[in-house]
Amino acid sequence: MNNAPRNKTLHQSAQERIHNFKEVNLGFDDALMLEEASRCINCKNAPCRTGCPVGINIPAFIKCLTQNDKDGALEVISQSSLLPAICGRVCPQENQCEGKCIRKAKLGGSVAIGALERYVGDYGLKKGTSALKAPAPDGKSVAVIGSGPAGLACAADCAQAGFKVTVFEAFHKAGGVLVYGIPEFRLPKDDVVAKEIDKLKALGVEFRLNTVVGKAITFEELKEQYDAIFIGTGAGLPMFMNIPGENLNGVSSANELLTRANLMQAYKEDAITPIYCGKSIAVIGAGNVAMDAARTAKRIGGGEVYIIYRRGREEMPARAEEIDHAEEEGIKLVLLTNPVEILGKDGKVCGIKCVKMQLGEPDASGRRRPEPIEGSEFVIDVDQVIVALGTSPNPLVRKSCAGMEFSKKGTIVVDEETMQTSIENIYSGGDAVTGAATVILAMGAGRKAAKAIIENLNERV
């Protein structure tokens with residue numbers, strides 16, 4: 001058995017990357033790809049597949065790579081995943097496919113499945129051809145609301161079934177969270193996201209940008225014009241702490257910072273919509289969005305950046321790689337700490353008052369509950385606070401789609417087998433149903449909905 005340790009991907013140095021928005025993780029070159037692919041032992045039960053939300057035949061595509069058959073690897077992945085160059089970059093493989101790899105514990109670490117998937121995805125983009133094939137049009141039509149991962153996946157499958165698909169996107173660029181939420185240094189927009197979307201355009205998918213469903217066009221109008229509707233509007237409504245001082249100048253959500261920086265490129269010197277970044281910045285939260293916000297702020301402002309989190313490092317929900325990258329870039333983790341008040345002077349942020357925490361008994365989620373330590377209050381001098389505590393679905397769908405059933409959290413209620421909502425012929429999936437989750441889970445939901453849509457429409461005379 002090959003006991004070689006896991007190969008590391010190539011990276012920009014921390015000293016270099018904090019001064020630019022170029023991609024940090026550079027992936028594998030050809031030699032490293034072959035070395036890493038050869039570590040897969042092609043085990044019989046392939047537990048890695050059970051960890052993949054869309055069930056990619058991981059051993060099969062890796063075996064193709066060991067034979068330097070890149071086209072074969074691309075074909076295998078394309079049977080299950082439509083966005084390998086994206087998923088290979090941003091999916092939490094350590095908790096999914098790689099988390100199930102039998103090499104994880106004792107055999108040099110899990111096979112770097114995500115990096116190998118990215119390699120194959122990038123090869124496909126460079127090659128410039130798509131494994132997606134559009135059959136002859138069959139006359140049926142599908143409206144997809146939202147062009148994020150769930151919407152793109154649903155649109156692709158429906159288009160391949162011969163349906164006329166129209167994607168409605170509120171922003172001026174397609175891609176949803178892929179373009180507004182994930183920074184350029186983690187996911188290049190022109191070289192990766194735009195090219196993946198071009199695959200769908202080649203299938204005949206139409207994208208109507210700058211179109212807010214519920215305002216520019218109603219659900220009733222869509223129901224009259226299309227045979228089925230898929231709602232993939234995501235979860236873009238930010239949550240706040242509800243503590244004193246949140247209305248001060250200098251307080252914003254991570255969503256605002258990331259949308260302005262990513263979608264509107266506010267980090268550029270000649271940006272027409274420049275964004276404020278302070279000299280000392282506190283980011284509240286410890287998920288991937290918090291890491292993205294902190295690292296973006298570091299690049300724009302260049303000052304001190306603190307990540308404040310009420311639990312410890314082991315409890316941080318962000319990917320380990322993103323936490324490591326943040327620390328390498330000089331971002332400071334302030335753990336077991338909870339903000340209680342944002343301090344201001346002349347209407348502007350001048351500090352954040354915090355209390356130290358300790359971990360008590362596990363809560364309903366199984367994580368130890370953070371409890372304040374009496375008399376431990378202290379102040380961190382900052383002039384900006386960015387809140388990254390999660391998101392919930394935009395209430396516009398709830399307000400504009402009469403008769404649809406929603407959960408107490410504002411998510412859309414669907415049939416788990418078909419992803420159909422409480423309204424016939426309207427389906428939904430992704431963060432609009434689950435709340436904020438991962439790209440690959442949203443894709444899986446989009447494909448499940450597409451399967452039900454295709455079966456339903458094909459049964460109609």
# chains A, B, ... in the order shown; residues from 1 in each chain; ligands from 1
>>> residues_around(residues="Leu396 (chain A)", least_positions_apart="3", cutoff="9 Å", atoms="only C-alpha atoms", output="list in words")
Val213, Gly214, Lys215, Pro393, Lys399, Ser400 and Cys401 of chain A
>>> write_last_selection(atoms="N, CA and C atoms", output="PDB file, in the first residue's frame")
ATOM      1  N   VAL A 213     -38.008  39.100  -8.889  1.00  0.00           N
ATOM      2  CA  VAL A 213     -39.301  38.431  -8.927  1.00  0.00           C
ATOM      3  C   VAL A 213     -40.078  38.804  -7.661  1.00  0.00           C
ATOM      4  N   GLY A 214     -41.314  39.199  -7.863  1.00  0.00           N
ATOM      5  CA  GLY A 214     -42.114  39.725  -6.764  1.00  0.00           C
ATOM      6  C   GLY A 214     -42.256  41.221  -6.862  1.00  0.00           C
ATOM      7  N   LYS A 215     -41.398  41.834  -7.715  1.00  0.00           N
ATOM      8  CA  LYS A 215     -41.460  43.274  -7.969  1.00  0.00           C
ATOM      9  C   LYS A 215     -41.572  43.543  -9.475  1.00  0.00           C
ATOM     10  N   PRO A 393     -33.462  33.526   4.867  1.00  0.00           N
ATOM     11  CA  PRO A 393     -34.019  33.831   3.540  1.00  0.00           C
ATOM     12  C   PRO A 393     -34.615  35.235   3.463  1.00  0.00           C
ATOM     13  N   LYS A 399     -43.580  37.416   1.113  1.00  0.00           N
ATOM     14  CA  LYS A 399     -44.549  38.507   0.970  1.00  0.00           C
ATOM     15  C   LYS A 399     -45.251  38.499  -0.383  1.00  0.00           C
ATOM     16  N   SER A 400     -44.609  37.899  -1.393  1.00  0.00           N
ATOM     17  CA  SER A 400     -45.134  38.033  -2.746  1.00  0.00           C
ATOM     18  C   SER A 400     -45.704  36.748  -3.335  1.00  0.00           C
ATOM     19  N   CYS A 401     -45.600  35.633  -2.591  1.00  0.00           N
ATOM     20  CA  CYS A 401     -46.129  34.373  -3.119  1.00  0.00           C
ATOM     21  C   CYS A 401     -47.225  33.858  -2.191  1.00  0.00           C
TER      22      CYS A 401
END
>>> residues_around(residues="region 315-330 of chain A", least_positions_apart="5", cutoff="9 Å", atoms="only C-alpha atoms", output="PyMOL selection string")
chain A and resi 13-15+17-18+24+92+94-95+285-292+294-295+298+304-305+309+367-368
>>> residues_around(residues="region 333-337 of chain A", least_positions_apart="2", cutoff="7 Å", atoms="only C-alpha atoms", output="list in words")
Tyr306, Ile307, Ile308, Tyr309, Arg310, Arg311, Gly312, Arg313, Ile331, Pro339, Cys354, Val355, Lys356, Met357 and Gln358 of chain A
>>> write_last_selection(atoms="all heavy atoms", output="compact mmCIF listing (two decimals), in the first residue's frame")
# COMPACT_ATOMS: atom_id res chain seq x y z
N TYR A 306 -9.59 41.76 13.90
CA TYR A 306 -9.85 40.78 14.96
C TYR A 306 -11.10 39.97 14.61
O TYR A 306 -12.11 40.53 14.15
CB TYR A 306 -10.11 41.48 16.31
CG TYR A 306 -9.03 42.42 16.75
CD1 TYR A 306 -9.08 43.78 16.42
CD2 TYR A 306 -7.96 41.97 17.53
CE1 TYR A 306 -8.09 44.66 16.85
CE2 TYR A 306 -6.97 42.85 17.96
CZ TYR A 306 -7.03 44.18 17.61
OH TYR A 306 -6.06 45.05 18.03
N ILE A 307 -11.04 38.67 14.83
CA ILE A 307 -12.22 37.81 14.73
C ILE A 307 -12.64 37.46 16.15
O ILE A 307 -11.87 36.84 16.90
CB ILE A 307 -11.93 36.54 13.91
CG1 ILE A 307 -11.78 36.91 12.44
CG2 ILE A 307 -13.03 35.50 14.10
CD1 ILE A 307 -11.39 35.75 11.54
N ILE A 308 -13.83 37.89 16.53
CA ILE A 308 -14.32 37.68 17.90
C ILE A 308 -15.36 36.57 17.88
O ILE A 308 -16.34 36.63 17.13
CB ILE A 308 -14.92 38.98 18.47
CG1 ILE A 308 -13.86 40.09 18.48
CG2 ILE A 308 -15.47 38.75 19.87
CD1 ILE A 308 -14.37 41.44 18.94
N TYR A 309 -15.13 35.54 18.72
CA TYR A 309 -16.00 34.37 18.73
C TYR A 309 -16.20 33.89 20.16
O TYR A 309 -15.25 33.82 20.94
CB TYR A 309 -15.38 33.26 17.88
CG TYR A 309 -16.20 32.00 17.78
CD1 TYR A 309 -17.54 32.03 17.42
CD2 TYR A 309 -15.61 30.76 18.02
CE1 TYR A 309 -18.28 30.86 17.32
CE2 TYR A 309 -16.34 29.58 17.91
CZ TYR A 309 -17.69 29.64 17.56
OH TYR A 309 -18.41 28.48 17.46
N ARG A 310 -17.42 33.54 20.47
CA ARG A 310 -17.75 33.21 21.86
C ARG A 310 -17.35 31.80 22.29
O ARG A 310 -17.40 31.49 23.48
CB ARG A 310 -19.25 33.39 22.09
CG ARG A 310 -20.13 32.50 21.24
CD ARG A 310 -21.60 32.77 21.52
NE ARG A 310 -22.47 31.86 20.78
CZ ARG A 310 -23.73 31.64 21.11
NH1 ARG A 310 -24.26 32.25 22.16
NH2 ARG A 310 -24.46 30.80 20.41
N ARG A 311 -16.97 30.96 21.35
CA ARG A 311 -16.46 29.63 21.69
C ARG A 311 -14.96 29.55 21.39
O ARG A 311 -14.32 30.55 21.10
CB ARG A 311 -17.23 28.55 20.92
CG ARG A 311 -18.68 28.35 21.38
CD ARG A 311 -19.33 27.20 20.63
NE ARG A 311 -20.58 26.76 21.24
CZ ARG A 311 -21.78 27.17 20.89
NH1 ARG A 311 -21.89 28.07 19.92
NH2 ARG A 311 -22.86 26.71 21.48
N GLY A 312 -14.39 28.33 21.47
CA GLY A 312 -12.96 28.15 21.23
C GLY A 312 -12.65 27.78 19.80
O GLY A 312 -13.55 27.64 18.96
N ARG A 313 -11.38 27.61 19.49
CA ARG A 313 -10.97 27.32 18.13
C ARG A 313 -11.56 26.01 17.60
O ARG A 313 -11.97 25.91 16.45
CB ARG A 313 -9.44 27.26 18.05
CG ARG A 313 -8.93 27.11 16.61
CD ARG A 313 -7.43 26.91 16.54
NE ARG A 313 -7.02 26.73 15.15
CZ ARG A 313 -6.44 27.64 14.41
NH1 ARG A 313 -6.19 28.84 14.93
NH2 ARG A 313 -6.11 27.39 13.16
N ILE A 331 -4.43 38.05 10.83
CA ILE A 331 -5.71 38.29 11.50
C ILE A 331 -5.70 37.61 12.86
O ILE A 331 -5.28 36.45 12.99
CB ILE A 331 -6.87 37.79 10.62
CG1 ILE A 331 -6.93 38.65 9.34
CG2 ILE A 331 -8.19 37.81 11.37
CD1 ILE A 331 -7.80 38.09 8.25
N PRO A 339 -19.24 39.91 22.36
CA PRO A 339 -19.52 41.35 22.41
C PRO A 339 -20.81 41.63 23.18
O PRO A 339 -21.80 40.89 23.03
CB PRO A 339 -19.67 41.73 20.95
CG PRO A 339 -19.08 40.60 20.17
CD PRO A 339 -19.30 39.39 20.99
N CYS A 354 -16.57 43.75 25.41
CA CYS A 354 -16.75 42.30 25.36
C CYS A 354 -16.69 41.70 26.76
O CYS A 354 -16.21 42.35 27.71
CB CYS A 354 -15.65 41.65 24.51
SG CYS A 354 -15.56 42.25 22.81
N VAL A 355 -17.13 40.47 26.87
CA VAL A 355 -17.01 39.72 28.11
C VAL A 355 -16.37 38.38 27.78
O VAL A 355 -16.63 37.80 26.73
CB VAL A 355 -18.40 39.53 28.77
CG1 VAL A 355 -19.34 38.74 27.87
CG2 VAL A 355 -18.27 38.84 30.12
N LYS A 356 -15.51 37.91 28.65
CA LYS A 356 -14.88 36.61 28.46
C LYS A 356 -15.88 35.49 28.74
O LYS A 356 -16.77 35.64 29.59
CB LYS A 356 -13.66 36.46 29.37
CG LYS A 356 -12.53 37.43 29.09
CD LYS A 356 -11.96 37.29 27.68
CE LYS A 356 -11.28 35.95 27.47
NZ LYS A 356 -10.71 35.86 26.08
N MET A 357 -15.74 34.39 28.03
CA MET A 357 -16.67 33.27 28.15
C MET A 357 -15.93 32.01 28.58
O MET A 357 -14.71 31.89 28.43
CB MET A 357 -17.36 33.01 26.81
CG MET A 357 -17.99 34.24 26.17
SD MET A 357 -19.40 34.89 27.07
CE MET A 357 -20.65 33.68 26.61
N GLN A 358 -16.69 31.07 29.11
CA GLN A 358 -16.18 29.73 29.39
C GLN A 358 -17.21 28.73 28.89
O GLN A 358 -18.40 29.03 28.81
CB GLN A 358 -15.93 29.54 30.88
CG GLN A 358 -17.16 29.71 31.75
CD GLN A 358 -16.84 29.67 33.23
OE1 GLN A 358 -15.68 29.47 33.60
NE2 GLN A 358 -17.83 29.87 34.07
>>> residues_around(residues="Val144 (chain A)", least_positions_apart="5", cutoff="7 Å", atoms="only C-alpha atoms", output="list in words")
Gly151, Ala155, Thr166, Val167, Phe168, Ile229, Phe230 and Ile231 of chain A
>>> residues_around(residues="region 448-459 of chain A", least_positions_apart="2", cutoff="8 Å", atoms="only C-alpha atoms", output="ChimeraX atom specification")
/A:140,154-155,157-158,161,227-228,230,417-420,425,427-429,444-446,461
